[in-house]
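Participant: Take a look at coords-v6.txt, compact mmCIF, N, CA and C atoms:
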```
# COMPACT_ATOMS: atom_id res chain seq x y z
N MET A 1 198.35 -32.92 35.87
CA MET A 1 199.55 -33.14 36.65
C MET A 1 200.07 -34.54 36.35
N LYS A 2 201.34 -34.62 36.01
CA LYS A 2 201.94 -35.92 35.73
C LYS A 2 202.18 -36.70 37.01
N LYS A 3 202.09 -38.03 36.88
CA LYS A 3 202.29 -38.87 38.06
C LYS A 3 203.75 -38.92 38.51
N ASP A 4 204.67 -38.60 37.63
CA ASP A 4 206.08 -38.66 38.02
C ASP A 4 206.63 -37.31 38.45
N SER A 5 205.76 -36.31 38.66
CA SER A 5 206.22 -34.98 39.06
C SER A 5 206.30 -34.87 40.58
N PHE A 6 207.07 -33.90 41.01
CA PHE A 6 207.21 -33.64 42.44
C PHE A 6 205.88 -33.22 43.05
N ALA A 7 205.14 -32.38 42.34
CA ALA A 7 203.87 -31.87 42.86
C ALA A 7 202.89 -33.01 43.13
N TYR A 8 202.83 -33.98 42.23
CA TYR A 8 201.92 -35.11 42.41
C TYR A 8 202.30 -35.90 43.66
N ARG A 9 203.59 -36.23 43.80
CA ARG A 9 204.04 -36.98 44.98
C ARG A 9 203.79 -36.18 46.26
N PHE A 10 204.03 -34.89 46.21
CA PHE A 10 203.83 -34.03 47.38
C PHE A 10 202.36 -34.03 47.81
N PHE A 11 201.45 -33.86 46.86
CA PHE A 11 200.03 -33.80 47.21
C PHE A 11 199.50 -35.15 47.67
N VAL A 12 200.01 -36.23 47.13
CA VAL A 12 199.60 -37.55 47.60
C VAL A 12 200.04 -37.75 49.05
N LEU A 13 201.28 -37.39 49.34
CA LEU A 13 201.77 -37.51 50.72
C LEU A 13 201.02 -36.55 51.64
N LEU A 14 200.68 -35.37 51.15
CA LEU A 14 199.93 -34.41 51.95
C LEU A 14 198.55 -34.96 52.31
N ILE A 15 197.87 -35.58 51.37
CA ILE A 15 196.56 -36.17 51.63
C ILE A 15 196.68 -37.32 52.63
N VAL A 16 197.70 -38.16 52.46
CA VAL A 16 197.89 -39.28 53.38
C VAL A 16 198.14 -38.79 54.79
N PHE A 17 199.01 -37.79 54.94
CA PHE A 17 199.30 -37.28 56.28
C PHE A 17 198.12 -36.50 56.86
N ALA A 18 197.31 -35.88 56.02
CA ALA A 18 196.10 -35.21 56.52
C ALA A 18 195.13 -36.24 57.09
N LEU A 19 194.99 -37.37 56.43
CA LEU A 19 194.12 -38.42 56.93
C LEU A 19 194.66 -39.02 58.24
N ILE A 20 195.97 -39.23 58.29
CA ILE A 20 196.58 -39.76 59.51
C ILE A 20 196.41 -38.77 60.65
N SER A 21 196.62 -37.49 60.36
CA SER A 21 196.47 -36.46 61.39
C SER A 21 195.04 -36.39 61.91
N ALA A 22 194.09 -36.49 61.00
CA ALA A 22 192.69 -36.47 61.42
C ALA A 22 192.37 -37.68 62.29
N ALA A 23 192.91 -38.83 61.91
CA ALA A 23 192.65 -40.04 62.70
C ALA A 23 193.28 -39.96 64.08
N VAL A 24 194.38 -39.25 64.20
CA VAL A 24 195.06 -39.15 65.50
C VAL A 24 194.46 -38.02 66.34
N LEU A 25 194.20 -36.87 65.73
CA LEU A 25 193.81 -35.70 66.50
C LEU A 25 192.31 -35.62 66.81
N LEU A 26 191.46 -36.10 65.94
CA LEU A 26 190.03 -35.98 66.18
C LEU A 26 189.55 -36.69 67.45
N PRO A 27 190.03 -37.89 67.75
CA PRO A 27 189.61 -38.49 69.03
C PRO A 27 190.10 -37.69 70.24
N LEU A 28 191.24 -37.03 70.11
CA LEU A 28 191.75 -36.23 71.23
C LEU A 28 190.93 -34.97 71.45
N VAL A 29 190.37 -34.43 70.38
CA VAL A 29 189.56 -33.22 70.52
C VAL A 29 188.33 -33.50 71.38
N ASN A 30 187.76 -34.68 71.20
CA ASN A 30 186.56 -35.03 71.96
C ASN A 30 186.86 -35.48 73.39
N ALA A 31 188.11 -35.83 73.65
CA ALA A 31 188.47 -36.28 75.00
C ALA A 31 188.51 -35.08 75.95
N LYS A 32 188.08 -35.32 77.14
CA LYS A 32 188.07 -34.24 78.13
C LYS A 32 189.39 -34.28 78.91
N GLY A 33 189.87 -33.12 79.24
CA GLY A 33 191.05 -33.01 80.08
C GLY A 33 192.37 -33.10 79.34
N VAL A 34 192.36 -32.99 78.02
CA VAL A 34 193.62 -33.03 77.27
C VAL A 34 194.19 -31.62 77.22
N GLU A 35 195.42 -31.50 77.61
CA GLU A 35 196.08 -30.19 77.63
C GLU A 35 196.38 -29.72 76.21
N PRO A 36 196.35 -28.41 75.98
CA PRO A 36 196.59 -27.88 74.63
C PRO A 36 198.00 -28.17 74.09
N PHE A 37 198.99 -28.26 74.98
CA PHE A 37 200.35 -28.51 74.48
C PHE A 37 200.49 -29.90 73.88
N VAL A 38 199.59 -30.82 74.23
CA VAL A 38 199.61 -32.17 73.63
C VAL A 38 199.34 -32.06 72.14
N PHE A 39 198.41 -31.19 71.75
CA PHE A 39 198.11 -31.00 70.33
C PHE A 39 199.31 -30.39 69.60
N TRP A 40 200.00 -29.47 70.24
CA TRP A 40 201.18 -28.86 69.62
C TRP A 40 202.29 -29.89 69.44
N ILE A 41 202.48 -30.74 70.43
CA ILE A 41 203.52 -31.77 70.34
C ILE A 41 203.20 -32.77 69.23
N ILE A 42 201.97 -33.27 69.21
CA ILE A 42 201.58 -34.24 68.19
C ILE A 42 201.62 -33.60 66.81
N GLY A 43 201.15 -32.37 66.70
CA GLY A 43 201.20 -31.66 65.41
C GLY A 43 202.63 -31.45 64.94
N GLY A 44 203.52 -31.11 65.85
CA GLY A 44 204.93 -30.93 65.49
C GLY A 44 205.58 -32.22 65.03
N VAL A 45 205.27 -33.30 65.73
CA VAL A 45 205.81 -34.61 65.34
C VAL A 45 205.29 -35.01 63.96
N LEU A 46 204.00 -34.83 63.73
CA LEU A 46 203.43 -35.16 62.42
C LEU A 46 204.03 -34.30 61.32
N LEU A 47 204.26 -33.02 61.60
CA LEU A 47 204.87 -32.14 60.61
C LEU A 47 206.29 -32.56 60.29
N LEU A 48 207.07 -32.91 61.32
CA LEU A 48 208.44 -33.38 61.08
C LEU A 48 208.46 -34.69 60.31
N LEU A 49 207.53 -35.59 60.62
CA LEU A 49 207.44 -36.84 59.87
C LEU A 49 207.07 -36.60 58.42
N PHE A 50 206.18 -35.64 58.17
CA PHE A 50 205.80 -35.30 56.81
C PHE A 50 206.99 -34.76 56.03
N ILE A 51 207.71 -33.83 56.61
CA ILE A 51 208.88 -33.25 55.93
C ILE A 51 209.93 -34.32 55.68
N ALA A 52 210.19 -35.15 56.67
CA ALA A 52 211.18 -36.22 56.49
C ALA A 52 210.75 -37.20 55.41
N THR A 53 209.47 -37.52 55.36
CA THR A 53 208.98 -38.44 54.34
C THR A 53 209.12 -37.86 52.95
N VAL A 54 208.82 -36.57 52.78
CA VAL A 54 208.96 -35.93 51.47
C VAL A 54 210.42 -35.91 51.05
N VAL A 55 211.31 -35.57 51.96
CA VAL A 55 212.74 -35.49 51.63
C VAL A 55 213.29 -36.88 51.28
N VAL A 56 213.00 -37.88 52.09
CA VAL A 56 213.48 -39.23 51.83
C VAL A 56 212.90 -39.77 50.52
N ASN A 57 211.64 -39.49 50.29
CA ASN A 57 211.00 -39.94 49.05
C ASN A 57 211.68 -39.32 47.84
N GLU A 58 211.99 -38.04 47.90
CA GLU A 58 212.65 -37.38 46.77
C GLU A 58 214.08 -37.90 46.57
N ILE A 59 214.77 -38.20 47.65
CA ILE A 59 216.11 -38.77 47.53
C ILE A 59 216.05 -40.13 46.83
N ILE A 60 215.08 -40.95 47.23
CA ILE A 60 214.93 -42.26 46.61
C ILE A 60 214.58 -42.13 45.13
N VAL A 61 213.69 -41.20 44.80
CA VAL A 61 213.30 -41.01 43.40
C VAL A 61 214.49 -40.54 42.58
N ARG A 62 215.27 -39.63 43.10
CA ARG A 62 216.45 -39.12 42.35
C ARG A 62 217.48 -40.22 42.16
N LYS A 63 217.69 -41.06 43.16
CA LYS A 63 218.67 -42.15 43.01
C LYS A 63 218.21 -43.18 41.99
N ARG A 64 216.91 -43.43 41.91
CA ARG A 64 216.40 -44.39 40.94
C ARG A 64 216.49 -43.87 39.51
N LYS A 65 216.44 -42.56 39.34
CA LYS A 65 216.48 -41.97 37.99
C LYS A 65 217.88 -41.95 37.42
N LYS A 66 218.89 -42.13 38.25
CA LYS A 66 220.29 -42.11 37.76
C LYS A 66 220.62 -43.34 37.00
```
Translate the structure of the given file into structure tokens.

Facilitator:
Amino acid sequence: MKKDSFAYRFFVLLIVFALISAAVLLPLVNAKGVEPFVFWIIGGVLLLLFIATVVVNEIIVRKRKK
């Protein structure tokens, strides 16, 4: 996989967000009394941030290639 390909950038961002998600969600799993909807809200926010980061990153890469 080439370093300048979309797939490479996508998987790097995916790994970074997986690590961030684990760091945020794992302590909550062990906490007592956390409602299930908190996990859905945090997961949704992380997913939206991931999508926004991929889109913004691709826009920046396309503008630099012009």

Participant: Can you list every residue in segment 7-39 of chain A that DSSP puts in alpha helix (DSSP H), as a ChimeraX atom specification?

Facilitator: /A:7-30,36-39

Participant: One number please: atom N of Ser21 of chain A to atom N of Glu58 of chain A, in Å, one decimal.

Facilitator: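 Computing it gives 19.8 Å between the two atoms.
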
Participant: If you measure from atom CA of Asn57 of chain A to atom CA of Arg9 of chain A, what distance in Å do you get, rounded to one decimal?

Facilitator: 8.6 Å

Participant: Between atom CA of Pro36 of chain A and atom CA of Val54 of chain A, what is the distance in Å, rounded to a tenth?

Facilitator: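 Going from atom CA of Pro36 of chain A over to atom CA of Val54 of chain A covers 27.5 Å.
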
Participant: Would you please work out which residue, of A:Met1, A:Phe6, A:Leu26, A:Trp40, is nearest to Val61 of chain A when using only C-alpha atoms?

Facilitator: A:Phe6

Participant: Determine the axis-aligned bounding box of all atoms of segment 47-57 of chain A present in the file, pad each side by 8 Å, and express its centre and edge lengths in Å to one decimal place as lines of an AutoDock Vina configuration file.

Facilitator:
```
center_x = 208.9
center_y = -36.0
center_z = 54.7
size_x = 25.2
size_y = 23.8
size_z = 29.8
```

Participant: Assuming the input is short of atoms at segment 19-30 of chain A, produce all heavy atoms for that part as a PDB file, keeping the file's coordinate frame.

Facilitator:
```pdb
ATOM      1  N   LEU A  19     194.990 -37.370  56.430  1.00  0.00           N
ATOM      2  CA  LEU A  19     194.120 -38.420  56.930  1.00  0.00           C
ATOM      3  C   LEU A  19     194.660 -39.020  58.240  1.00  0.00           C
ATOM      4  O   LEU A  19     193.901 -39.285  59.172  1.00  0.00           O
ATOM      5  CB  LEU A  19     193.931 -39.506  55.883  1.00  0.00           C
ATOM      6  CG  LEU A  19     193.135 -39.096  54.640  1.00  0.00           C
ATOM      7  CD1 LEU A  19     193.179 -40.206  53.601  1.00  0.00           C
ATOM      8  CD2 LEU A  19     191.721 -38.749  55.007  1.00  0.00           C
ATOM      9  N   ILE A  20     195.970 -39.230  58.290  1.00  0.00           N
ATOM     10  CA  ILE A  20     196.580 -39.760  59.510  1.00  0.00           C
ATOM     11  C   ILE A  20     196.410 -38.770  60.650  1.00  0.00           C
ATOM     12  O   ILE A  20     196.070 -39.146  61.780  1.00  0.00           O
ATOM     13  CB  ILE A  20     198.073 -40.086  59.277  1.00  0.00           C
ATOM     14  CG1 ILE A  20     198.215 -41.275  58.330  1.00  0.00           C
ATOM     15  CG2 ILE A  20     198.786 -40.361  60.594  1.00  0.00           C
ATOM     16  CD1 ILE A  20     199.634 -41.526  57.869  1.00  0.00           C
ATOM     17  N   SER A  21     196.620 -37.490  60.360  1.00  0.00           N
ATOM     18  CA  SER A  21     196.470 -36.460  61.390  1.00  0.00           C
ATOM     19  C   SER A  21     195.040 -36.390  61.910  1.00  0.00           C
ATOM     20  O   SER A  21     194.819 -36.252  63.107  1.00  0.00           O
ATOM     21  CB  SER A  21     196.873 -35.091  60.830  1.00  0.00           C
ATOM     22  OG  SER A  21     198.217 -35.102  60.428  1.00  0.00           O
ATOM     23  N   ALA A  22     194.090 -36.490  61.000  1.00  0.00           N
ATOM     24  CA  ALA A  22     192.690 -36.470  61.420  1.00  0.00           C
ATOM     25  C   ALA A  22     192.370 -37.680  62.290  1.00  0.00           C
ATOM     26  O   ALA A  22     191.674 -37.553  63.300  1.00  0.00           O
ATOM     27  CB  ALA A  22     191.781 -36.446  60.194  1.00  0.00           C
ATOM     28  N   ALA A  23     192.910 -38.830  61.910  1.00  0.00           N
ATOM     29  CA  ALA A  23     192.650 -40.040  62.700  1.00  0.00           C
ATOM     30  C   ALA A  23     193.280 -39.960  64.080  1.00  0.00           C
ATOM     31  O   ALA A  23     192.755 -40.530  65.042  1.00  0.00           O
ATOM     32  CB  ALA A  23     193.177 -41.262  61.952  1.00  0.00           C
ATOM     33  N   VAL A  24     194.380 -39.250  64.200  1.00  0.00           N
ATOM     34  CA  VAL A  24     195.060 -39.150  65.500  1.00  0.00           C
ATOM     35  C   VAL A  24     194.460 -38.020  66.340  1.00  0.00           C
ATOM     36  O   VAL A  24     194.227 -38.194  67.546  1.00  0.00           O
ATOM     37  CB  VAL A  24     196.569 -38.913  65.293  1.00  0.00           C
ATOM     38  CG1 VAL A  24     197.256 -38.554  66.593  1.00  0.00           C
ATOM     39  CG2 VAL A  24     197.211 -40.142  64.677  1.00  0.00           C
ATOM     40  N   LEU A  25     194.200 -36.870  65.730  1.00  0.00           N
ATOM     41  CA  LEU A  25     193.810 -35.700  66.500  1.00  0.00           C
ATOM     42  C   LEU A  25     192.310 -35.620  66.810  1.00  0.00           C
ATOM     43  O   LEU A  25     191.939 -35.077  67.849  1.00  0.00           O
ATOM     44  CB  LEU A  25     194.260 -34.429  65.775  1.00  0.00           C
ATOM     45  CG  LEU A  25     195.774 -34.220  65.721  1.00  0.00           C
ATOM     46  CD1 LEU A  25     196.104 -33.007  64.881  1.00  0.00           C
ATOM     47  CD2 LEU A  25     196.360 -34.073  67.108  1.00  0.00           C
ATOM     48  N   LEU A  26     191.460 -36.100  65.940  1.00  0.00           N
ATOM     49  CA  LEU A  26     190.030 -35.980  66.180  1.00  0.00           C
ATOM     50  C   LEU A  26     189.550 -36.690  67.450  1.00  0.00           C
ATOM     51  O   LEU A  26     188.748 -36.129  68.193  1.00  0.00           O
ATOM     52  CB  LEU A  26     189.230 -36.444  64.968  1.00  0.00           C
ATOM     53  CG  LEU A  26     189.219 -35.460  63.798  1.00  0.00           C
ATOM     54  CD1 LEU A  26     188.429 -36.035  62.634  1.00  0.00           C
ATOM     55  CD2 LEU A  26     188.671 -34.120  64.211  1.00  0.00           C
ATOM     56  N   PRO A  27     190.030 -37.890  67.750  1.00  0.00           N
ATOM     57  CA  PRO A  27     189.610 -38.490  69.030  1.00  0.00           C
ATOM     58  C   PRO A  27     190.100 -37.690  70.240  1.00  0.00           C
ATOM     59  O   PRO A  27     189.427 -37.644  71.277  1.00  0.00           O
ATOM     60  CB  PRO A  27     190.242 -39.872  69.009  1.00  0.00           C
ATOM     61  CG  PRO A  27     190.463 -40.176  67.581  1.00  0.00           C
ATOM     62  CD  PRO A  27     190.752 -38.865  66.933  1.00  0.00           C
ATOM     63  N   LEU A  28     191.240 -37.030  70.110  1.00  0.00           N
ATOM     64  CA  LEU A  28     191.750 -36.230  71.230  1.00  0.00           C
ATOM     65  C   LEU A  28     190.930 -34.970  71.450  1.00  0.00           C
ATOM     66  O   LEU A  28     190.839 -34.473  72.579  1.00  0.00           O
ATOM     67  CB  LEU A  28     193.218 -35.864  70.986  1.00  0.00           C
ATOM     68  CG  LEU A  28     194.218 -37.000  71.131  1.00  0.00           C
ATOM     69  CD1 LEU A  28     195.612 -36.502  70.796  1.00  0.00           C
ATOM     70  CD2 LEU A  28     194.196 -37.551  72.549  1.00  0.00           C
ATOM     71  N   VAL A  29     190.370 -34.430  70.380  1.00  0.00           N
ATOM     72  CA  VAL A  29     189.560 -33.220  70.520  1.00  0.00           C
ATOM     73  C   VAL A  29     188.330 -33.500  71.380  1.00  0.00           C
ATOM     74  O   VAL A  29     187.929 -32.677  72.190  1.00  0.00           O
ATOM     75  CB  VAL A  29     189.144 -32.697  69.119  1.00  0.00           C
ATOM     76  CG1 VAL A  29     188.115 -31.593  69.230  1.00  0.00           C
ATOM     77  CG2 VAL A  29     190.365 -32.203  68.365  1.00  0.00           C
ATOM     78  N   ASN A  30     187.760 -34.680  71.200  1.00  0.00           N
ATOM     79  CA  ASN A  30     186.560 -35.030  71.960  1.00  0.00           C
ATOM     80  C   ASN A  30     186.860 -35.480  73.390  1.00  0.00           C
ATOM     81  O   ASN A  30     185.961 -35.520  74.217  1.00  0.00           O
ATOM     82  CB  ASN A  30     185.781 -36.131  71.235  1.00  0.00           C
ATOM     83  CG  ASN A  30     185.222 -35.632  69.925  1.00  0.00           C
ATOM     84  OD1 ASN A  30     184.894 -34.468  69.790  1.00  0.00           O
ATOM     85  ND2 ASN A  30     185.129 -36.524  68.969  1.00  0.00           N
TER      86      ASN A  30
END
```
